[in-house]
>>> print(open('target_0.tsv').read())   # TSV, C-alpha atoms and all ligand atoms
chain	number	residue	atom	x	y	z
A	110	MET	CA	0.00	0.00	0.00
A	111	LYS	CA	1.28	3.47	-0.91
A	112	VAL	CA	2.49	5.60	2.00
A	113	ARG	CA	0.76	9.02	1.88
A	114	LYS	CA	0.58	10.20	5.48
A	115	ALA	CA	3.14	11.43	7.99
A	116	VAL	CA	2.89	12.05	11.72
A	117	ILE	CA	5.24	14.71	13.11
A	118	PRO	CA	5.23	14.92	16.92
A	119	VAL	CA	5.95	18.53	17.90
A	120	ALA	CA	4.78	18.47	21.51
A	121	GLY	CA	8.24	18.29	23.14
A	122	LEU	CA	9.36	21.02	25.54
A	123	GLY	CA	12.74	21.65	23.93
A	124	THR	CA	14.68	21.61	27.20
A	125	ARG	CA	17.98	20.92	25.41
A	126	VAL	CA	17.85	24.32	23.66
A	127	LEU	CA	16.65	26.50	26.55
A	128	PRO	CA	16.46	29.45	26.99
A	129	ALA	CA	16.00	29.87	23.18
A	130	SER	CA	12.90	27.64	23.28
A	131	LYS	CA	11.24	29.24	26.32
A	132	ALA	CA	8.66	31.35	24.47
A	133	ILE	CA	8.90	29.93	20.94
A	134	PRO	CA	8.63	26.29	19.97
A	135	LYS	CA	12.08	24.79	19.26
A	136	GLU	CA	10.68	23.64	15.91
A	137	MET	CA	10.33	27.32	14.92
A	138	MET	CA	14.03	28.11	15.35
A	139	PRO	CA	15.41	29.06	11.94
A	140	VAL	CA	18.01	27.19	9.95
A	141	VAL	CA	19.14	29.94	7.56
A	142	ASP	CA	15.77	31.37	6.45
A	143	LYS	CA	13.23	28.67	7.32
A	144	PRO	CA	12.16	27.21	10.64
A	145	VAL	CA	13.38	23.68	11.31
A	146	ILE	CA	9.81	22.35	10.96
A	147	GLN	CA	9.54	23.75	7.42
A	148	HIS	CA	12.73	21.93	6.36
A	149	VAL	CA	11.23	18.74	7.78
A	150	VAL	CA	7.88	19.24	6.03
A	151	GLU	CA	9.73	19.90	2.75
A	152	GLU	CA	11.64	16.63	3.18
A	153	ALA	CA	8.33	14.77	3.67
A	154	VAL	CA	6.66	16.45	0.69
A	155	ALA	CA	9.70	15.74	-1.52
A	156	ALA	CA	9.35	12.07	-0.54
A	157	GLY	CA	5.72	12.04	-1.75
A	158	ILE	CA	3.81	12.61	1.50
A	159	GLU	CA	0.41	14.25	0.93
A	160	GLU	CA	-1.07	14.48	4.42
A	161	ILE	CA	0.83	15.68	7.47
A	162	ILE	CA	-0.49	15.37	10.99
A	163	LEU	CA	1.28	17.53	13.56
A	164	VAL	CA	0.85	16.32	17.14
A	165	THR	CA	1.10	19.49	19.15
A	166	ARG	CA	0.39	21.02	22.56
A	167	SER	CA	-0.40	24.32	24.21
A	168	GLY	CA	2.23	26.99	23.56
A	169	LYS	CA	3.03	25.62	20.11
A	170	SER	CA	0.50	27.53	18.01
A	171	ALA	CA	3.26	29.42	16.13
A	172	ILE	CA	3.80	26.14	14.23
A	173	GLU	CA	0.15	26.03	13.14
A	174	ASP	CA	0.29	29.72	12.20
A	175	HIS	CA	3.38	29.11	10.09
A	176	PHE	CA	1.50	26.64	7.90
A	177	ASP	CA	-1.65	28.79	7.71
A	178	THR	CA	-2.45	31.73	5.41
A	179	HIS	CA	-1.33	35.14	6.70
A	180	TYR	CA	-3.77	37.45	4.88
A	181	GLU	CA	-2.41	40.81	6.05
A	182	LEU	CA	1.19	39.87	5.24
A	183	GLU	CA	0.23	38.59	1.79
A	184	ALA	CA	-1.81	41.75	1.03
A	185	GLU	CA	1.15	43.90	2.06
A	186	LEU	CA	3.59	41.91	-0.11
A	187	VAL	CA	1.18	42.23	-3.07
A	188	ARG	CA	0.89	46.00	-2.49
A	189	LYS	CA	4.68	46.38	-2.36
A	190	GLU	CA	5.11	44.04	-5.37
A	191	LYS	CA	7.50	41.77	-3.46
A	192	LYS	CA	6.80	38.80	-5.71
A	193	ALA	CA	9.59	36.45	-4.63
A	194	LEU	CA	8.75	36.87	-0.94
A	195	LEU	CA	5.05	36.46	-1.65
A	196	GLN	CA	5.75	33.20	-3.43
A	197	ALA	CA	7.99	31.99	-0.62
A	198	VAL	CA	5.21	32.67	1.88
A	199	GLN	CA	2.44	31.17	-0.25
A	200	ASN	CA	4.38	28.01	-1.14
A	201	ILE	CA	5.10	26.94	2.43
A	202	VAL	CA	2.39	24.32	1.96
A	203	PRO	CA	2.52	23.13	-1.67
A	204	SER	CA	-0.78	22.50	-3.43
A	205	GLY	CA	-1.96	18.93	-3.05
A	206	VAL	CA	-0.55	18.72	0.49
A	207	SER	CA	-2.65	19.13	3.62
A	208	ILE	CA	-1.45	19.78	7.13
A	209	MET	CA	-3.59	19.27	10.21
A	210	SER	CA	-2.86	19.34	13.89
A	211	ILE	CA	-4.01	17.28	16.85
A	212	ARG	CA	-3.31	18.10	20.47
A	213	GLN	CA	-1.53	15.79	22.86
A	214	SER	CA	-3.06	17.00	26.10
A	215	GLU	CA	-0.87	14.90	28.42
A	216	ALA	CA	2.90	14.45	28.20
A	217	LYS	CA	2.88	10.65	28.11
A	218	GLY	CA	5.78	10.00	25.77
A	219	LEU	CA	6.62	9.67	22.09
A	220	GLY	CA	4.54	6.53	21.62
A	221	HIS	CA	1.52	8.26	23.12
A	222	ALA	CA	2.07	11.31	20.88
A	223	VAL	CA	2.11	9.11	17.77
A	224	HIS	CA	-1.04	7.32	18.95
A	225	CYS	CA	-2.84	10.68	19.24
A	226	ALA	CA	-2.90	10.66	15.41
A	227	ALA	CA	-4.56	7.20	15.22
A	228	SER	CA	-7.95	8.38	13.93
A	229	ALA	CA	-6.31	10.58	11.28
A	230	ILE	CA	-4.19	7.62	10.11
A	231	GLY	CA	-7.03	5.09	10.02
A	232	ASN	CA	-6.02	1.92	8.24
A	233	GLU	CA	-3.11	3.26	6.23
A	234	PRO	CA	0.64	2.86	6.62
A	235	PHE	CA	2.39	6.05	7.65
A	236	VAL	CA	5.68	7.76	8.29
A	237	VAL	CA	6.81	9.17	11.65
A	238	ILE	CA	9.27	12.05	11.52
A	239	LEU	CA	10.99	13.37	14.64
A	240	PRO	CA	11.39	17.06	13.84
A	241	ASP	CA	14.58	17.76	15.82
A	242	VAL	CA	16.63	15.97	13.22
A	243	LEU	CA	17.23	17.39	9.77
A	244	VAL	CA	18.11	14.86	7.09
A	245	ARG	CA	19.91	16.27	4.10
A	246	SER	CA	20.27	14.40	0.82
A	247	GLY	CA	23.68	12.91	0.22
A	248	GLU	CA	25.44	12.57	-3.12
A	249	ASN	CA	23.17	12.09	-6.15
A	250	ASN	CA	20.42	13.92	-4.26
A	251	VAL	CA	18.93	10.72	-2.88
A	252	ASN	CA	15.90	11.41	-0.68
A	253	ASP	CA	16.41	8.79	2.03
A	254	LEU	CA	12.82	9.04	3.25
A	255	ALA	CA	11.50	8.35	-0.27
A	256	ARG	CA	13.86	5.38	-0.58
A	257	MET	CA	12.82	4.00	2.77
A	258	MET	CA	9.14	4.34	1.80
A	259	MET	CA	9.93	2.30	-1.35
A	260	GLU	CA	11.57	-0.39	0.80
A	261	PHE	CA	8.38	-0.49	2.88
A	262	GLU	CA	6.15	-0.69	-0.19
A	263	GLY	CA	8.32	-3.44	-1.71
A	264	LYS	CA	8.87	-5.55	1.42
A	265	GLY	CA	5.57	-4.86	3.16
A	266	TYR	CA	7.00	-4.40	6.65
A	267	ALA	CA	8.08	-1.51	8.90
A	268	GLN	CA	11.32	0.34	8.19
A	269	ILE	CA	13.44	2.39	10.58
A	270	MET	CA	16.08	4.78	9.29
A	271	VAL	CA	19.50	4.26	10.87
A	272	GLY	CA	22.89	5.89	10.52
A	273	GLU	CA	26.29	5.04	11.96
A	274	VAL	CA	27.32	7.05	15.01
A	275	PRO	CA	30.62	7.04	16.95
A	276	VAL	CA	30.57	4.28	19.60
A	277	ASP	CA	30.85	6.84	22.42
A	278	LYS	CA	27.50	8.33	21.31
A	279	VAL	CA	25.37	5.14	21.28
A	280	HIS	CA	23.90	5.98	24.72
A	281	LEU	CA	22.03	8.90	23.11
A	282	TYR	CA	20.03	6.86	20.59
A	283	GLY	CA	17.89	3.84	19.91
A	284	ILE	CA	20.37	1.26	18.53
A	285	ALA	CA	19.46	-1.43	15.99
A	286	ASP	CA	20.50	-5.04	16.42
A	287	CYS	CA	20.94	-6.39	12.87
A	288	ALA	CA	22.45	-9.68	14.07
A	289	GLY	CA	25.92	-8.56	13.02
A	290	VAL	CA	24.88	-7.56	9.47
A	291	ASN	CA	25.65	-3.99	8.45
A	292	PRO	CA	23.16	-2.90	5.75
A	293	ALA	CA	24.63	-1.27	2.62
A	294	PHE	CA	23.99	2.47	2.25
A	295	GLY	CA	20.49	3.02	0.87
A	296	ARG	CA	19.39	-0.57	1.65
A	297	SER	CA	17.55	-2.23	4.49
A	298	GLU	CA	18.15	-5.39	6.54
A	299	ALA	CA	15.75	-7.11	8.91
A	300	ILE	CA	16.53	-6.37	12.55
A	301	LYS	CA	16.53	-8.66	15.58
A	302	GLY	CA	15.66	-5.87	17.98
A	303	LEU	CA	16.15	-2.30	19.11
A	304	VAL	CA	17.83	-1.19	22.31
A	305	GLU	CA	16.94	2.27	23.58
A	306	LYS	CA	19.99	4.29	24.69
A	307	PRO	CA	22.30	1.38	25.65
A	308	LEU	CA	25.61	1.63	27.48
A	309	GLN	CA	28.50	1.48	25.06
A	310	SER	CA	29.39	-1.99	26.39
A	311	ASP	CA	25.85	-3.33	25.76
A	312	ALA	CA	25.24	-1.79	22.32
A	313	PRO	CA	24.61	-4.41	19.63
A	314	SER	CA	25.95	-2.07	16.90
A	315	ASN	CA	26.59	1.61	16.21
A	316	LEU	CA	23.53	1.88	13.94
A	317	ALA	CA	21.45	4.63	15.53
A	318	VAL	CA	17.76	5.33	14.99
A	319	ILE	CA	17.80	8.85	13.62
A	320	GLY	CA	14.10	9.76	13.74
A	321	ARG	CA	12.44	8.53	10.52
A	322	TYR	CA	10.14	5.49	10.55
A	323	VAL	CA	7.59	3.86	8.20
A	324	PHE	CA	4.95	1.82	10.01
A	325	PRO	CA	1.97	-0.33	9.10
A	326	ALA	CA	-1.32	0.87	10.69
A	327	ARG	CA	-0.99	-2.08	13.14
A	328	ILE	CA	1.52	-0.11	15.24
A	329	MET	CA	-1.36	2.12	16.41
A	330	GLN	CA	-3.10	-0.83	18.10
A	331	LEU	CA	0.17	-1.89	19.68
A	332	LEU	CA	0.64	1.67	21.01
A	333	ARG	CA	-2.93	1.73	22.32
A	334	ASP	CA	-2.45	-1.60	24.12
A	335	GLY	CA	1.09	-0.79	25.28
A	336	LYS	CA	1.94	-0.48	28.96
A	337	PRO	CA	3.97	2.51	30.15
A	338	GLY	CA	7.69	1.76	29.82
A	339	ALA	CA	10.80	3.82	30.68
A	340	GLY	CA	9.93	6.99	32.62
A	341	GLY	CA	6.29	5.85	32.97
A	342	GLU	CA	5.73	6.86	29.32
A	343	ILE	CA	4.30	4.99	26.33
A	344	GLN	CA	7.45	4.27	24.33
A	345	LEU	CA	7.54	3.91	20.54
A	346	THR	CA	10.48	1.51	20.95
A	347	ASP	CA	8.28	-0.87	23.03
A	348	ALA	CA	5.61	-0.90	20.30
A	349	ILE	CA	8.30	-1.67	17.70
A	350	ASP	CA	9.46	-4.58	19.90
A	351	ALA	CA	5.85	-5.83	20.04
A	352	LEU	CA	5.56	-5.50	16.24
A	353	LEU	CA	8.75	-7.57	15.89
A	354	THR	CA	7.08	-10.51	17.64
A	355	GLU	CA	4.48	-10.53	14.83
A	356	GLU	CA	6.40	-9.60	11.67
A	357	SER	CA	9.72	-8.35	10.30
A	358	VAL	CA	11.06	-4.84	10.82
A	359	GLY	CA	13.84	-3.45	8.64
A	360	ALA	CA	16.70	-1.03	9.38
A	361	TYR	CA	17.27	1.25	6.38
A	362	LYS	CA	20.78	2.74	6.30
A	363	MET	CA	20.66	6.35	5.20
A	364	THR	CA	23.01	7.83	2.61
A	365	GLY	CA	22.71	11.53	3.56
A	366	GLU	CA	23.70	13.69	6.51
A	367	THR	CA	21.83	14.34	9.76
A	368	TYR	CA	21.81	17.38	12.03
A	369	ASP	CA	20.21	17.22	15.46
A	370	CYS	CA	18.73	20.71	15.87
A	371	GLY	CA	17.36	19.74	19.30
A	372	GLU	CA	20.84	20.39	20.73
A	373	LYS	CA	23.13	23.40	20.41
A	374	LEU	CA	26.05	22.01	18.42
A	375	GLY	CA	23.83	20.15	15.95
A	376	TYR	CA	21.78	23.30	15.43
A	377	LEU	CA	24.90	25.38	14.71
A	378	LYS	CA	26.23	22.72	12.31
A	379	ALA	CA	22.88	22.70	10.46
A	380	ASN	CA	23.00	26.47	10.00
A	381	ILE	CA	26.53	26.28	8.60
A	382	ALA	CA	25.84	23.31	6.33
A	383	TYR	CA	22.57	24.77	4.97
A	384	GLY	CA	24.08	28.27	4.81
A	385	LEU	CA	26.90	26.93	2.62
A	386	GLN	CA	24.23	25.68	0.18
A	387	HIS	CA	21.94	28.69	0.15
A	388	ALA	CA	22.39	30.93	-2.90
A	389	GLU	CA	22.20	34.14	-0.86
A	390	THR	CA	24.59	33.15	1.92
A	391	LYS	CA	27.08	30.60	0.60
A	392	GLY	CA	29.67	33.08	-0.81
A	393	GLY	CA	29.76	35.34	2.23
A	394	LEU	CA	29.69	32.47	4.68
A	395	LYS	CA	32.62	30.71	3.00
A	396	GLU	CA	34.59	33.93	3.15
A	397	PHE	CA	33.72	34.42	6.82
A	398	ILE	CA	34.76	30.85	7.71
A	399	ARG	CA	38.12	31.41	6.00
A	400	THR	CA	38.74	34.44	8.21
A	401	LEU	CA	38.19	32.45	11.40
A	402	GLU	CA	41.19	31.14	13.22
A	403	LEU	CA	40.38	27.45	13.19
A	404	ASN	CA	42.63	25.76	15.70
A	501	LIG	C1	14.29	9.48	20.27
A	501	LIG	C2	14.15	7.96	20.12
A	501	LIG	C3	15.52	7.32	19.83
A	501	LIG	C4	16.14	8.00	18.63
A	501	LIG	C5	16.21	9.53	18.83
A	501	LIG	C6	16.68	10.20	17.54
A	501	LIG	O1	15.00	9.76	21.45
A	501	LIG	O2	13.56	7.41	21.29
A	501	LIG	O3	15.35	5.95	19.60
A	501	LIG	O4	17.43	7.45	18.41
A	501	LIG	O5	14.93	10.07	19.16
A	501	LIG	O6	16.84	11.59	17.75
A	501	LIG	P1	15.09	11.26	22.11
A	501	LIG	O7	16.18	11.96	21.35
A	501	LIG	O8	13.75	11.88	21.92
A	501	LIG	O9	15.46	11.03	23.54
>>> encode(input="target_0.tsv", output="structure tokens")
Amino acid sequence: MKVRKAVIPVAGLGTRVLPASKAIPKEMMPVVDKPVIQHVVEEAVAAGIEEIILVTRSGKSAIEDHFDTHYELEAELVRKEKKALLQAVQNIVPSGVSIMSIRQSEAKGLGHAVHCAASAIGNEPFVVILPDVLVRSGENNVNDLARMMMEFEGKGYAQIMVGEVPVDKVHLYGIADCAGVNPAFGRSEAIKGLVEKPLQSDAPSNLAVIGRYVFPARIMQLLRDGKPGAGGEIQLTDAIDALLTEESVGAYKMTGETYDCGEKLGYLKANIAYGLQHAETKGGLKEFIRTLELN
């Protein structure tokens, strides 16, 4: 079945980037000239997603506003004949794509947030995108999310995007156990299990879950029936473990780059990497970097 829908949980408090995220959602922090959430939505749309469900909470309405029409601003840009800006503002949601939001009224974990979108997902497979992480196409402009969706459509079972991380960073991620097999870049291998944030000595590999998943609708029932796990929260990892007792789950190894904008260094790296690609900033930024004393 074709994957058309994506759930993007945006209800997190953003404690890793305080105080920047005190009064604005962390997802609204800009990377060059677009908020992080817009980069993520563009990645989903480029992969063929048509319906996006944002799982949100109080204090996050700037995200909904960003994807809504701003009549006064548009009228002003028309009056001033600022055509390029007008287009940039009007094309935030491309035609043929719809974005809706659902509130998660209790902070009961990532699994619970995803389950909040159950009625909007219905009986269809869907993608989950964790919006802290930006995924940028690697060489040949491969859209990893699109490729992973194709793996799902071909194989018929869940796919989890993974990327290699240094061994001293495995405690920060969900880690895939591929029974010793390391999938080729851009390919997927069935996994034996997932371990959430293991100690370096217990990690079955250095293949980290980087925040992109394709699930069959069945995962929603498993989330609904799931018992609270670590931290008393409904964990997505537990539902994936339950799914694994019923059918295969694949680890898709990404080809591109990731930037974790939910933490300071990752956010800075994203701004530099995207700034070096942006037509308006790349020349000046390169020059500026050359003037820095890098030692
Ligand atoms: C979550 C997931 C983890 C994944 C990570 C990617 O953890 O639980 O498996 O590796 O996102 O960013 P969090 O970073 O929300 O603690």
>>> residues_near_ligand(input="target_0.tsv", ligand="ligand LIG 501 (chain A)", cutoff="8 Å", atoms="all atoms listed in the file", output="VMD selection string")
chain A and resid 219 239 241 to 242 281 to 284 305 to 306 317 to 320 344 to 346 369
>>> residues_near_point(input="target_0.tsv", point="(17.7, -8.0, 6.2)", cutoff="8 Å", atoms="all atoms listed in the file", output="list in words")
Cys287, Val290, Pro292, Ser297, Glu298, Ala299, Ile300, Gly359 and Ala360 of chain A
>>> residues_around(input="target_0.tsv", residues="Gly247 of chain A", least_positions_apart="5", cutoff="8 Å", atoms="all atoms listed in the file", output="PyMOL selection string")
chain A and resi 252+364-366
>>> residues_around(input="target_0.tsv", residues="Ile398 of chain A", least_positions_apart="4", cutoff="12 Å", atoms="all atoms listed in the file", output="NGL selection string")
:A and (381-382 or 384-385 or 390-394 or 402-403)
>>> residues_around(input="target_0.tsv", residues="segment 210-216 of chain A", least_positions_apart="6", cutoff="8 Å", atoms="all atoms listed in the file", output="compact mmCIF listing (two decimals) with C-alpha atoms, in the frame of the given file")
# COMPACT_ATOMS: atom_id res chain seq x y z
CA ALA A 120 4.78 18.47 21.51
CA ILE A 162 -0.49 15.37 10.99
CA LEU A 163 1.28 17.53 13.56
CA VAL A 164 0.85 16.32 17.14
CA THR A 165 1.10 19.49 19.15
CA ARG A 166 0.39 21.02 22.56
CA SER A 167 -0.40 24.32 24.21
CA GLU A 173 0.15 26.03 13.14
CA ALA A 222 2.07 11.31 20.88
CA CYS A 225 -2.84 10.68 19.24
CA ALA A 226 -2.90 10.66 15.41
>>> closest_residue(input="target_0.tsv", among="A:Glu160, A:Glu183, A:Glu260, A:Glu233", to="Pro325 of chain A", atoms="all atoms listed in the file")
A:Glu233
>>> atom_distance(input="target_0.tsv", atom1="atom CA of Lys135 of chain A", atom2="atom CA of Cys370 of chain A")
8.5 Å
>>> atom_distance(input="target_0.tsv", atom1="atom CA of Pro234 of chain A", atom2="atom CA of Ala326 of chain A")
4.9 Å
>>> residues_around(input="target_0.tsv", residues="segment 194-201 of chain A", least_positions_apart="5", cutoff="9 Å", atoms="only C-alpha atoms", output="PyMOL selection string")
chain A and resi 147+150-151+175-179+182-183+186-187
>>> closest_residue(input="target_0.tsv", among="A:Gly338, A:Gly272, A:Pro307, A:Gly157", to="Ala255 of chain A", atoms="all atoms listed in the file")
A:Gly157
>>> closest_residue(input="target_0.tsv", among="A:His221, A:Arg256, A:Lys378, A:Lys373", to="Leu127 of chain A", atoms="only C-alpha atoms")
A:Lys373
>>> atom_distance(input="target_0.tsv", atom1="atom CA of Ser357 of chain A", atom2="atom CA of Ala267 of chain A")
7.2 Å
>>> closest_residue(input="target_0.tsv", among="A:Asp142, A:Thr400, A:Ile349, A:His148", to="Gln268 of chain A", atoms="all atoms listed in the file")
A:Ile349
>>> axis_aligned_box(input="target_0.tsv", around="segment 232-245 of chain A", padding_each_side="6 Å", output="lines of an AutoDock Vina configuration file")
center_x = 6.9
center_y = 9.8
center_z = 10.0
size_x = 37.9
size_y = 27.8
size_z = 23.7
